[in-house]
$ cat structure.cif   # mmCIF, C-alpha atoms
data_model
#
loop_
_atom_site.group_PDB
_atom_site.id
_atom_site.type_symbol
_atom_site.label_atom_id
_atom_site.label_comp_id
_atom_site.auth_asym_id
_atom_site.auth_seq_id
_atom_site.Cartn_x
_atom_site.Cartn_y
_atom_site.Cartn_z
ATOM 1 C CA MET I 757 -9.515 -12.520 -13.146
ATOM 2 C CA GLU I 758 -10.626 -10.577 -16.207
ATOM 3 C CA LYS I 759 -8.620 -11.059 -19.437
ATOM 4 C CA PHE I 760 -7.364 -8.080 -21.412
ATOM 5 C CA ALA I 761 -6.113 -7.650 -24.968
ATOM 6 C CA PRO I 762 -2.342 -8.190 -24.730
ATOM 7 C CA VAL I 763 -0.115 -5.126 -24.505
ATOM 8 C CA THR I 764 3.077 -5.774 -26.470
ATOM 9 C CA ARG I 765 6.286 -3.916 -27.250
ATOM 10 C CA SER I 766 5.825 -1.823 -30.381
ATOM 11 C CA GLU I 767 9.330 -2.550 -31.710
ATOM 12 C CA ASP I 768 9.058 -6.355 -31.872
ATOM 13 C CA GLY I 769 5.559 -7.354 -30.730
ATOM 14 C CA GLN I 770 7.032 -9.312 -27.807
ATOM 15 C CA PRO I 771 5.382 -9.368 -24.341
ATOM 16 C CA VAL I 772 6.136 -6.397 -22.093
ATOM 17 C CA ARG I 773 8.770 -7.395 -19.490
ATOM 18 C CA TYR I 774 8.096 -6.259 -15.922
ATOM 19 C CA LEU I 775 10.142 -5.760 -12.769
ATOM 20 C CA ILE I 776 7.852 -5.675 -9.720
ATOM 21 C CA VAL I 777 9.130 -3.903 -6.606
ATOM 22 C CA ASP I 778 7.207 -4.130 -3.337
ATOM 23 C CA ASP I 779 8.222 -5.159 0.180
ATOM 24 C CA SER I 780 5.089 -7.315 0.386
ATOM 25 C CA VAL I 781 5.438 -10.706 -1.295
ATOM 26 C CA PHE I 782 1.658 -10.837 -1.375
ATOM 27 C CA ALA I 783 1.421 -7.527 -3.263
ATOM 28 C CA ARG I 784 4.106 -8.659 -5.733
ATOM 29 C CA LYS I 785 2.257 -11.886 -6.484
ATOM 30 C CA ASN I 786 -0.992 -10.008 -6.886
ATOM 31 C CA LEU I 787 0.537 -7.526 -9.339
ATOM 32 C CA ALA I 788 2.251 -10.392 -11.185
ATOM 33 C CA ARG I 789 -1.079 -12.144 -11.687
ATOM 34 C CA MET I 790 -2.566 -8.904 -12.923
ATOM 35 C CA VAL I 791 0.133 -8.103 -15.501
ATOM 36 C CA GLU I 792 0.029 -11.671 -16.775
ATOM 37 C CA THR I 793 -3.618 -11.062 -17.705
ATOM 38 C CA PHE I 794 -2.324 -8.127 -19.812
ATOM 39 C CA GLY I 795 -0.055 -10.559 -21.690
ATOM 40 C CA GLY I 796 3.018 -9.355 -19.779
ATOM 41 C CA GLN I 797 5.980 -11.322 -18.482
ATOM 42 C CA VAL I 798 7.390 -10.805 -14.982
ATOM 43 C CA ILE I 799 11.162 -11.093 -15.324
ATOM 44 C CA GLY I 800 12.111 -10.033 -11.812
ATOM 45 C CA GLU I 801 10.982 -8.982 -8.363
ATOM 46 C CA ALA I 802 12.567 -6.900 -5.618
ATOM 47 C CA GLY I 803 11.578 -6.134 -2.023
ATOM 48 C CA ASP I 804 13.286 -2.763 -1.514
ATOM 49 C CA GLY I 805 14.725 0.170 -3.418
ATOM 50 C CA ILE I 806 18.353 -0.986 -3.317
ATOM 51 C CA SER I 807 17.511 -4.379 -4.830
ATOM 52 C CA ALA I 808 15.286 -2.606 -7.372
ATOM 53 C CA ILE I 809 18.264 -0.644 -8.690
ATOM 54 C CA SER I 810 20.477 -3.730 -9.020
ATOM 55 C CA GLU I 811 17.680 -5.762 -10.587
ATOM 56 C CA TYR I 812 17.003 -2.985 -13.081
ATOM 57 C CA GLU I 813 20.697 -2.944 -14.087
ATOM 58 C CA ARG I 814 20.694 -6.721 -14.465
ATOM 59 C CA LEU I 815 17.385 -7.171 -16.302
ATOM 60 C CA THR I 816 16.587 -3.842 -18.062
ATOM 61 C CA PRO I 817 12.818 -4.440 -17.942
ATOM 62 C CA ASP I 818 10.341 -2.539 -20.125
ATOM 63 C CA ILE I 819 8.332 -1.380 -17.090
ATOM 64 C CA VAL I 820 9.002 -1.181 -13.354
ATOM 65 C CA LEU I 821 6.024 -1.268 -10.989
ATOM 66 C CA MET I 822 7.417 0.384 -7.858
ATOM 67 C CA ASP I 823 5.957 0.650 -4.363
ATOM 68 C CA ILE I 824 6.858 3.760 -2.324
ATOM 69 C CA THR I 825 6.915 2.746 1.343
ATOM 70 C CA MET I 826 9.666 0.148 1.633
ATOM 71 C CA PRO I 827 12.522 -0.618 4.026
ATOM 72 C CA GLN I 828 16.142 0.420 3.341
ATOM 73 C CA MET I 829 15.403 2.674 0.360
ATOM 74 C CA GLU I 830 11.967 3.996 -0.549
ATOM 75 C CA GLY I 831 10.544 3.776 -4.033
ATOM 76 C CA ILE I 832 10.784 7.451 -5.013
ATOM 77 C CA GLU I 833 14.514 7.549 -4.274
ATOM 78 C CA ALA I 834 15.069 4.282 -6.145
ATOM 79 C CA ALA I 835 13.087 5.607 -9.133
ATOM 80 C CA GLU I 836 15.199 8.753 -9.190
ATOM 81 C CA LYS I 837 18.454 6.773 -9.176
ATOM 82 C CA ILE I 838 17.257 4.425 -11.929
ATOM 83 C CA VAL I 839 16.052 7.270 -14.173
ATOM 84 C CA ARG I 840 19.265 9.236 -13.602
ATOM 85 C CA ASP I 841 21.282 6.360 -15.093
ATOM 86 C CA HIS I 842 18.606 5.196 -17.549
ATOM 87 C CA PRO I 843 16.559 8.187 -18.746
ATOM 88 C CA GLY I 844 14.322 5.915 -20.828
ATOM 89 C CA ALA I 845 13.244 3.819 -17.833
ATOM 90 C CA ARG I 846 9.482 3.498 -17.533
ATOM 91 C CA ILE I 847 8.575 3.474 -13.848
ATOM 92 C CA VAL I 848 5.016 3.370 -12.582
ATOM 93 C CA MET I 849 4.629 4.028 -8.867
ATOM 94 C CA VAL I 850 2.074 1.738 -7.200
ATOM 95 C CA SER I 851 1.330 2.769 -3.641
ATOM 96 C CA SER I 852 -1.466 3.087 -1.113
ATOM 97 C CA VAL I 853 -0.051 6.467 -0.070
ATOM 98 C CA GLY I 854 -1.241 8.695 -2.886
ATOM 99 C CA TYR I 855 -1.273 12.212 -1.517
ATOM 100 C CA GLN I 856 -0.465 15.128 -3.750
ATOM 101 C CA GLU I 857 3.087 15.727 -2.491
ATOM 102 C CA ASN I 858 4.023 12.081 -3.019
ATOM 103 C CA ILE I 859 2.620 11.983 -6.536
ATOM 104 C CA VAL I 860 4.332 15.224 -7.515
ATOM 105 C CA ALA I 861 7.649 14.089 -5.974
ATOM 106 C CA ALA I 862 7.491 10.772 -7.840
ATOM 107 C CA LEU I 863 6.713 12.393 -11.191
ATOM 108 C CA GLN I 864 9.345 15.101 -10.734
ATOM 109 C CA ARG I 865 11.958 12.437 -10.066
ATOM 110 C CA GLY I 866 11.202 10.532 -13.230
ATOM 111 C CA ALA I 867 8.253 8.200 -12.631
ATOM 112 C CA ARG I 868 5.901 8.071 -15.607
ATOM 113 C CA HIS I 869 2.691 7.503 -13.685
ATOM 114 C CA PHE I 870 1.115 6.763 -10.315
ATOM 115 C CA VAL I 871 -1.493 4.139 -9.437
ATOM 116 C CA GLN I 872 -3.071 4.020 -5.990
ATOM 117 C CA LYS I 873 -3.632 0.759 -4.137
ATOM 118 C CA PRO I 874 -5.840 -1.196 -3.968
ATOM 119 C CA VAL I 875 -5.071 -1.591 -7.646
ATOM 120 C CA LYS I 876 -7.967 -2.105 -10.009
ATOM 121 C CA PRO I 877 -6.817 -4.217 -12.984
ATOM 122 C CA GLU I 878 -8.627 -2.014 -15.497
ATOM 123 C CA VAL I 879 -6.872 1.095 -14.138
ATOM 124 C CA LEU I 880 -3.411 -0.485 -14.242
ATOM 125 C CA TYR I 881 -4.097 -1.806 -17.741
ATOM 126 C CA GLU I 882 -4.876 1.692 -19.058
ATOM 127 C CA VAL I 883 -1.759 3.093 -17.379
ATOM 128 C CA ILE I 884 0.434 0.368 -18.902
ATOM 129 C CA LYS I 885 -1.007 1.053 -22.359
ATOM 130 C CA TYR I 886 -0.379 4.769 -21.875
ATOM 131 C CA VAL I 887 3.181 4.317 -20.646
ATOM 132 C CA MET I 888 4.062 1.871 -23.454
ATOM 133 C CA ARG I 889 2.417 3.975 -26.149
ATOM 134 C CA ASP I 890 5.127 6.597 -26.668
ATOM 135 C CA GLU I 891 8.682 5.936 -25.711
ATOM 136 C CA GLY I 892 10.116 8.782 -23.687
ATOM 137 C CA THR I 893 6.798 10.525 -23.144
ATOM 138 C CA ALA I 894 6.577 12.052 -19.685
ATOM 139 C CA ALA I 895 3.536 11.462 -17.516
ATOM 140 C CA GLN I 896 0.806 14.006 -18.022
ATOM 141 C CA GLY I 897 -1.412 13.007 -15.140
ATOM 142 C CA ALA I 898 -1.584 10.850 -12.103
ATOM 143 C CA GLY I 899 -3.945 8.604 -10.264
ATOM 144 C CA ALA I 900 -5.501 7.320 -13.495
ATOM 145 C CA MET D 1218 -9.461 12.173 19.736
ATOM 146 C CA ARG D 1219 -10.641 14.434 16.956
ATOM 147 C CA MET D 1220 -13.240 12.891 14.672
ATOM 148 C CA ASP D 1221 -11.675 14.479 11.583
ATOM 149 C CA LEU D 1222 -8.599 12.335 12.220
ATOM 150 C CA ILE D 1223 -10.648 9.153 12.665
ATOM 151 C CA GLN D 1224 -13.154 9.499 9.837
ATOM 152 C CA PRO D 1225 -10.616 8.853 7.029
ATOM 153 C CA PHE D 1226 -9.678 5.519 8.656
ATOM 154 C CA ILE D 1227 -13.342 4.492 8.786
ATOM 155 C CA ASN D 1228 -13.953 5.516 5.170
ATOM 156 C CA SER D 1229 -10.785 3.837 3.949
ATOM 157 C CA ALA D 1230 -11.473 0.556 5.798
ATOM 158 C CA ASP D 1231 -15.002 0.555 4.452
ATOM 159 C CA ALA D 1232 -13.854 1.065 0.849
ATOM 160 C CA VAL D 1233 -10.863 -1.301 0.860
ATOM 161 C CA LEU D 1234 -12.608 -4.141 2.722
ATOM 162 C CA ALA D 1235 -15.762 -3.849 0.606
ATOM 163 C CA GLN D 1236 -13.623 -4.063 -2.548
ATOM 164 C CA GLY D 1237 -11.543 -6.937 -1.133
ATOM 165 C CA LEU D 1238 -14.532 -8.991 -0.027
ATOM 166 C CA ASN D 1239 -16.874 -7.803 -2.747
ATOM 167 C CA SER D 1240 -19.615 -7.235 -0.178
ATOM 168 C CA PRO D 1241 -20.803 -4.328 1.972
ATOM 169 C CA ILE D 1242 -19.165 -3.601 5.332
ATOM 170 C CA ALA D 1243 -20.829 -2.212 8.458
ATOM 171 C CA ILE D 1244 -19.087 -0.382 11.254
ATOM 172 C CA GLU D 1245 -20.225 -2.205 14.360
ATOM 173 C CA ASN D 1246 -18.635 -0.185 17.105
ATOM 174 C CA LEU D 1247 -16.393 2.784 17.779
ATOM 175 C CA THR D 1248 -15.092 3.070 21.324
ATOM 176 C CA MET D 1249 -12.315 4.664 23.301
ATOM 177 C CA GLU D 1250 -9.969 1.931 24.440
ATOM 178 C CA GLU D 1251 -10.277 1.385 28.172
ATOM 179 C CA GLU D 1252 -7.938 -1.556 28.654
ATOM 180 C CA ALA D 1253 -4.633 -2.603 27.131
ATOM 181 C CA TYR D 1254 -4.916 -3.829 23.559
ATOM 182 C CA ARG D 1255 -5.551 -7.568 23.211
ATOM 183 C CA ARG D 1256 -4.998 -9.248 19.888
ATOM 184 C CA ARG D 1257 -8.056 -11.059 18.494
ATOM 185 C CA GLY D 1258 -6.737 -12.730 15.353
ATOM 186 C CA ILE D 1259 -4.060 -11.984 12.776
ATOM 187 C CA ALA D 1260 -2.687 -8.505 13.251
ATOM 188 C CA ALA D 1261 -0.402 -6.007 11.545
ATOM 189 C CA GLU D 1262 0.949 -2.769 12.978
ATOM 190 C CA VAL D 1263 1.731 0.411 11.074
ATOM 191 C CA CYS D 1264 3.616 3.304 12.676
ATOM 192 C CA LEU D 1265 3.127 6.916 11.646
ATOM 193 C CA THR D 1266 5.597 9.719 12.188
ATOM 194 C CA GLY D 1267 5.194 13.416 11.582
ATOM 195 C CA GLU D 1268 2.970 16.113 12.983
ATOM 196 C CA VAL D 1269 0.786 13.414 14.498
ATOM 197 C CA GLU D 1270 2.585 10.291 15.620
ATOM 198 C CA GLY D 1271 1.421 6.909 16.756
ATOM 199 C CA ARG D 1272 0.480 3.451 15.652
ATOM 200 C CA ILE D 1273 -2.429 1.604 14.171
ATOM 201 C CA ILE D 1274 -3.054 -2.081 14.707
ATOM 202 C CA PHE D 1275 -5.148 -3.812 12.088
ATOM 203 C CA ASP D 1276 -6.528 -7.014 13.571
ATOM 204 C CA VAL D 1277 -8.612 -9.567 11.667
ATOM 205 C CA ASP D 1278 -10.567 -12.614 12.882
ATOM 206 C CA ILE D 1279 -8.979 -15.817 11.591
ATOM 207 C CA GLN D 1280 -11.983 -16.647 9.407
ATOM 208 C CA ALA D 1281 -12.145 -13.166 7.901
ATOM 209 C CA ALA D 1282 -8.366 -13.229 7.323
ATOM 210 C CA LEU D 1283 -8.643 -16.536 5.428
ATOM 211 C CA GLU D 1284 -11.494 -15.187 3.321
ATOM 212 C CA LEU D 1285 -9.687 -11.939 2.551
ATOM 213 C CA ALA D 1286 -6.432 -13.737 1.712
ATOM 214 C CA SER D 1287 -8.283 -16.163 -0.587
ATOM 215 C CA ARG D 1288 -10.074 -13.375 -2.412
ATOM 216 C CA LEU D 1289 -6.971 -11.234 -2.797
ATOM 217 C CA ALA D 1290 -4.750 -14.146 -3.838
ATOM 218 C CA GLY D 1291 -7.345 -15.638 -6.166
ATOM 219 C CA ILE D 1292 -6.827 -19.116 -4.674
ATOM 220 C CA ALA D 1293 -8.314 -20.989 -1.708
ATOM 221 C CA VAL D 1294 -6.126 -20.199 1.310
ATOM 222 C CA SER D 1295 -6.253 -22.409 4.408
ATOM 223 C CA GLU D 1296 -4.982 -21.996 7.971
ATOM 224 C CA THR D 1297 -1.866 -23.936 7.025
ATOM 225 C CA ASP D 1298 -0.825 -21.111 4.661
ATOM 226 C CA GLU D 1299 0.119 -18.964 7.656
ATOM 227 C CA GLU D 1300 2.695 -16.852 5.855
ATOM 228 C CA LEU D 1301 0.315 -15.998 3.016
ATOM 229 C CA VAL D 1302 -2.460 -15.023 5.449
ATOM 230 C CA ARG D 1303 -0.083 -12.790 7.435
ATOM 231 C CA GLU D 1304 1.144 -11.172 4.225
ATOM 232 C CA ALA D 1305 -2.449 -10.543 3.138
ATOM 233 C CA VAL D 1306 -3.318 -8.893 6.466
ATOM 234 C CA CYS D 1307 -0.179 -6.715 6.306
ATOM 235 C CA GLU D 1308 -0.986 -5.665 2.739
ATOM 236 C CA LEU D 1309 -4.578 -4.821 3.664
ATOM 237 C CA ALA D 1310 -3.324 -2.764 6.618
ATOM 238 C CA ASN D 1311 -0.961 -0.989 4.257
ATOM 239 C CA GLN D 1312 -3.768 -0.204 1.811
ATOM 240 C CA ILE D 1313 -6.314 0.938 4.409
ATOM 241 C CA ILE D 1314 -3.910 3.048 6.427
ATOM 242 C CA GLY D 1315 -2.163 4.385 3.312
ATOM 243 C CA ASN D 1316 -5.474 5.540 1.843
ATOM 244 C CA ALA D 1317 -6.476 7.209 5.135
ATOM 245 C CA VAL D 1318 -3.113 8.934 5.420
ATOM 246 C CA THR D 1319 -3.511 10.155 1.840
ATOM 247 C CA THR D 1320 -6.770 11.875 2.794
ATOM 248 C CA LEU D 1321 -5.270 13.339 5.965
ATOM 249 C CA ASN D 1322 -2.200 14.641 4.133
ATOM 250 C CA ASP D 1323 -4.379 16.297 1.534
ATOM 251 C CA GLN D 1324 -6.258 17.935 4.452
ATOM 252 C CA GLY D 1325 -3.001 19.399 5.769
ATOM 253 C CA PHE D 1326 -1.831 16.794 8.318
ATOM 254 C CA HIS D 1327 1.677 15.632 7.498
ATOM 255 C CA PHE D 1328 2.527 12.012 8.227
ATOM 256 C CA HIS D 1329 5.109 9.546 7.124
ATOM 257 C CA VAL D 1330 4.022 5.892 7.039
ATOM 258 C CA ARG D 1331 6.354 3.046 7.990
ATOM 259 C CA PRO D 1332 5.941 -0.332 6.293
ATOM 260 C CA PRO D 1333 3.514 -2.663 8.124
ATOM 261 C CA VAL D 1334 4.938 -5.262 10.458
ATOM 262 C CA PHE D 1335 3.305 -8.463 11.616
ATOM 263 C CA HIS D 1336 2.076 -7.969 15.191
ATOM 264 C CA THR D 1337 2.692 -11.051 17.274
ATOM 265 C CA SER D 1338 2.178 -9.956 20.887
ATOM 266 C CA ASP D 1339 -1.106 -10.837 22.484
ATOM 267 C CA GLN D 1340 -1.167 -7.520 24.287
ATOM 268 C CA GLY D 1341 -0.154 -3.970 23.523
ATOM 269 C CA SER D 1342 0.376 -0.762 25.419
ATOM 270 C CA ARG D 1343 -2.499 0.954 27.130
ATOM 271 C CA SER D 1344 -3.801 4.410 26.273
ATOM 272 C CA SER D 1345 -2.108 7.203 28.162
ATOM 273 C CA GLU D 1346 -2.838 10.840 28.787
ATOM 274 C CA ASP D 1347 -1.173 11.964 25.545
ATOM 275 C CA THR D 1348 -1.887 8.865 23.438
ATOM 276 C CA GLU D 1349 -5.575 8.218 23.091
ATOM 277 C CA ALA D 1350 -6.636 5.014 21.383
ATOM 278 C CA VAL D 1351 -9.853 4.405 19.513
ATOM 279 C CA VAL D 1352 -11.026 0.921 18.631
ATOM 280 C CA MET D 1353 -13.132 0.458 15.510
ATOM 281 C CA ALA D 1354 -14.939 -2.798 14.867
ATOM 282 C CA PHE D 1355 -16.157 -3.628 11.365
ATOM 283 C CA ASN D 1356 -18.633 -6.361 10.607
ATOM 284 C CA THR D 1357 -17.943 -8.176 7.355
ATOM 285 C CA SER D 1358 -19.621 -11.135 5.710
ATOM 286 C CA SER D 1359 -16.640 -13.257 6.839
ATOM 287 C CA GLY D 1360 -16.132 -12.042 10.400
ATOM 288 C CA SER D 1361 -14.915 -9.073 12.387
ATOM 289 C CA VAL D 1362 -12.105 -6.692 11.585
ATOM 290 C CA PHE D 1363 -10.697 -4.319 14.207
ATOM 291 C CA MET D 1364 -8.558 -1.218 13.996
ATOM 292 C CA ASN D 1365 -6.908 0.169 17.092
ATOM 293 C CA VAL D 1366 -5.762 3.708 16.389
ATOM 294 C CA ALA D 1367 -3.460 5.366 18.937
ATOM 295 C CA LEU D 1368 -2.198 8.783 17.903
ATOM 296 C CA ARG D 1369 -0.280 11.452 19.772
ATOM 297 C CA TYR D 1370 -0.347 15.126 18.865
ATOM 298 C CA GLN D 1371 3.059 16.731 18.596
ATOM 299 C CA ARG D 1372 3.294 20.193 20.128
ATOM 300 C CA GLN D 1373 4.801 21.633 16.966
ATOM 301 C CA PRO D 1374 5.039 20.445 13.362
ATOM 302 C CA ALA D 1375 7.815 17.993 12.469
ATOM 303 C CA ALA D 1376 9.611 20.545 10.262
ATOM 304 C CA GLN D 1377 10.026 22.957 13.172
ATOM 305 C CA ARG D 1378 11.170 20.190 15.529
ATOM 306 C CA SER D 1379 13.832 18.958 13.131
ATOM 307 C CA ALA D 1380 15.015 22.552 12.557
ATOM 308 C CA VAL D 1381 15.457 22.923 16.318
ATOM 309 C CA GLY D 1382 17.392 19.777 16.842
#
$ encode --input "structure.cif" --output "structure tokens"
Amino acid sequence: MEKFAPVTRSEDGQPVRYLIVDDSVFARKNLARMVETFGGQVIGEAGDGISAISEYERLTPDIVLMDITMPQMEGIEAAEKIVRDHPGARIVMVSSVGYQENIVAALQRGARHFVQKPVKPEVLYEVIKYVMRDEGTAAQGAGA
Amino acid sequence: MRMDLIQPFINSADAVLAQGLNSPIAIENLTMEEEAYRRRGIAAEVCLTGEVEGRIIFDVDIQAALELASRLAGIAVSETDEELVREAVCELANQIIGNAVTTLNDQGFHFHVRPPVFHTSDQGSRSSEDTEAVVMAFNTSSGSVFMNVALRYQRQPAAQRSAVG
């Protein structure tokens, strides 16, 4: 897999810490491999929206990569609940279902960006750089 | 079945499989299903609900499934890694069907996609008068990939049905 210049936290230069949320173990491992090539560190994984919320509370990651279609609680609802309690949370939705209504709903509920599966590493890398660039900056586009 | 409903599945399978295998894909066959579905390899099923409801079975030859899993995982995957191969097939189904549904939603068809489930039965239900099934066969460099698409038209949009009851 291609190597990228590391993306680090601006405040201390440490690796970006990720929480990866997807009901597919395979997809989680694939995303984990990808973010490691960006110099990131995966500090947690979750398989549904409910676990995502509790893992966010426990780990306070720098970025959450969140699937949409999941059992128990879908990703958009989980993103909304996380952002309601943690307005600075940086959530990037990563889903194969990227129609307009879904993207708009995700961004309106607090997600910073949207990446459609299958994920191209170079696309995710640019989104991560964008989301980490300015703390608290809302997403200005989707689909990258 | 209307071709405008089927075409996004063909385009999506073509794009996702070509990217996954890093080689071109050819559609080998497109037929109306005449007999009950019979599983050929490793299969995942995705259910759709909304204005058009139904299910899609994504079925991959063992050899093609191993190749796809290896490429997507970035490691050599063998038949003994059953769980990993199943996961890979489910994720591919999710990507292909999700991309097709995205196109259809943007064209005005409203669906909701359920998460993929591993399909273990050797057989499935047969087409019926209101649920037509189309079987698509794709030829890849690693083997054949099949999609069995069975969709049923609802008489009225989901929003109206839920308002009624």
$ closest_residue --input "structure.cif" --among "I:Arg765, I:Glu792, I:Ser780, I:Gly854" --to "I:Pro877" --atoms "only C-alpha atoms"
I:Glu792
$ interface_residues --input "structure.cif" --of "chain D" --to "chain I" --cutoff "8 Å" --atoms "all atoms listed in the file" --output "VMD selection string"
chain D and resid 1233 1289 to 1291 1301 1304 to 1305 1307 to 1308 1311 to 1316 1318 to 1320 1322 to 1323 1330 to 1332
$ resolve_selection --input "structure.cif" --expression "the PyMOL selection byres ((chain I and resi 832) around 12)" --output "PyMOL selection string"
chain I and resi 777+804-806+808-809+821-826+829-831+833-839+847-851+853+857-870
$ atom_distance --input "structure.cif" --atom1 "atom CA of I:Gly796" --atom2 "atom CA of I:Tyr774"
7.1 Å
$ resolve_selection --input "structure.cif" --expression "the PyMOL selection byres ((chain I and resi 791) around 12)" --output "PyMOL selection string"
chain I and resi 757-764+771-776+784-790+792-799+819-821+875-885
$ atom_distance --input "structure.cif" --atom1 "atom CA of D:Ile1244" --atom2 "atom CA of D:Glu1300"
27.8 Å
$ atom_distance --input "structure.cif" --atom1 "atom CA of D:Ser1338" --atom2 "atom CA of D:Ala1354"
19.5 Å
$ residues_around --input "structure.cif" --residues "D:Leu1321" --least-positions-apart "4" --cutoff "9 Å" --atoms "all atoms listed in the file" --output "JSON, numbers by chain"
{"I": [855], "D": [1221, 1222, 1225, 1316, 1317, 1325, 1326, 1327, 1328]}
$ write_last_selection --input "structure.cif" --atoms "C-alpha atoms" --output "short mmCIF file (atom, residue, chain, number, x, y, z; two decimals), in the coordinates of the input"
data_model
loop_
_atom_site.label_atom_id
_atom_site.label_comp_id
_atom_site.auth_asym_id
_atom_site.auth_seq_id
_atom_site.Cartn_x
_atom_site.Cartn_y
_atom_site.Cartn_z
CA TYR I 855 -1.27 12.21 -1.52
CA ASP D 1221 -11.68 14.48 11.58
CA LEU D 1222 -8.60 12.34 12.22
CA PRO D 1225 -10.62 8.85 7.03
CA ASN D 1316 -5.47 5.54 1.84
CA ALA D 1317 -6.48 7.21 5.14
CA GLY D 1325 -3.00 19.40 5.77
CA PHE D 1326 -1.83 16.79 8.32
CA HIS D 1327 1.68 15.63 7.50
CA PHE D 1328 2.53 12.01 8.23
#
$ residues_around --input "structure.cif" --residues "stretch 1255-1264 of chain D" --least-positions-apart "2" --cutoff "7 Å" --atoms "all atoms listed in the file" --output "ChimeraX atom specification"
/D:1253,1266,1271-1279,1303,1306-1307,1310,1330-1336,1339-1341
$ axis_aligned_box --input "structure.cif" --around "stretch 853-864 of chain I" --padding-each-side "6 Å" --output "AutoDock Vina command-line options"
--center_x 4.0 --center_y 11.1 --center_z -5.6 --size_x 22.6 --size_y 21.3 --size_z 23.1
$ closest_residue --input "structure.cif" --among "D:His1329, D:Glu1270, D:Glu1299, D:Leu1234" --to "D:Leu1283" --atoms "only C-alpha atoms"
D:Glu1299
$ residues_around --input "structure.cif" --residues "D:Val1302" --least-positions-apart "4" --cutoff "8 Å" --atoms "only C-alpha atoms" --output "count of residues only"
7
$ residues_around --input "structure.cif" --residues "D:Ser1358" --least-positions-apart "6" --cutoff "8 Å" --atoms "all atoms listed in the file" --output "JSON, numbers by chain"
{"D": [1238, 1240, 1241, 1242]}
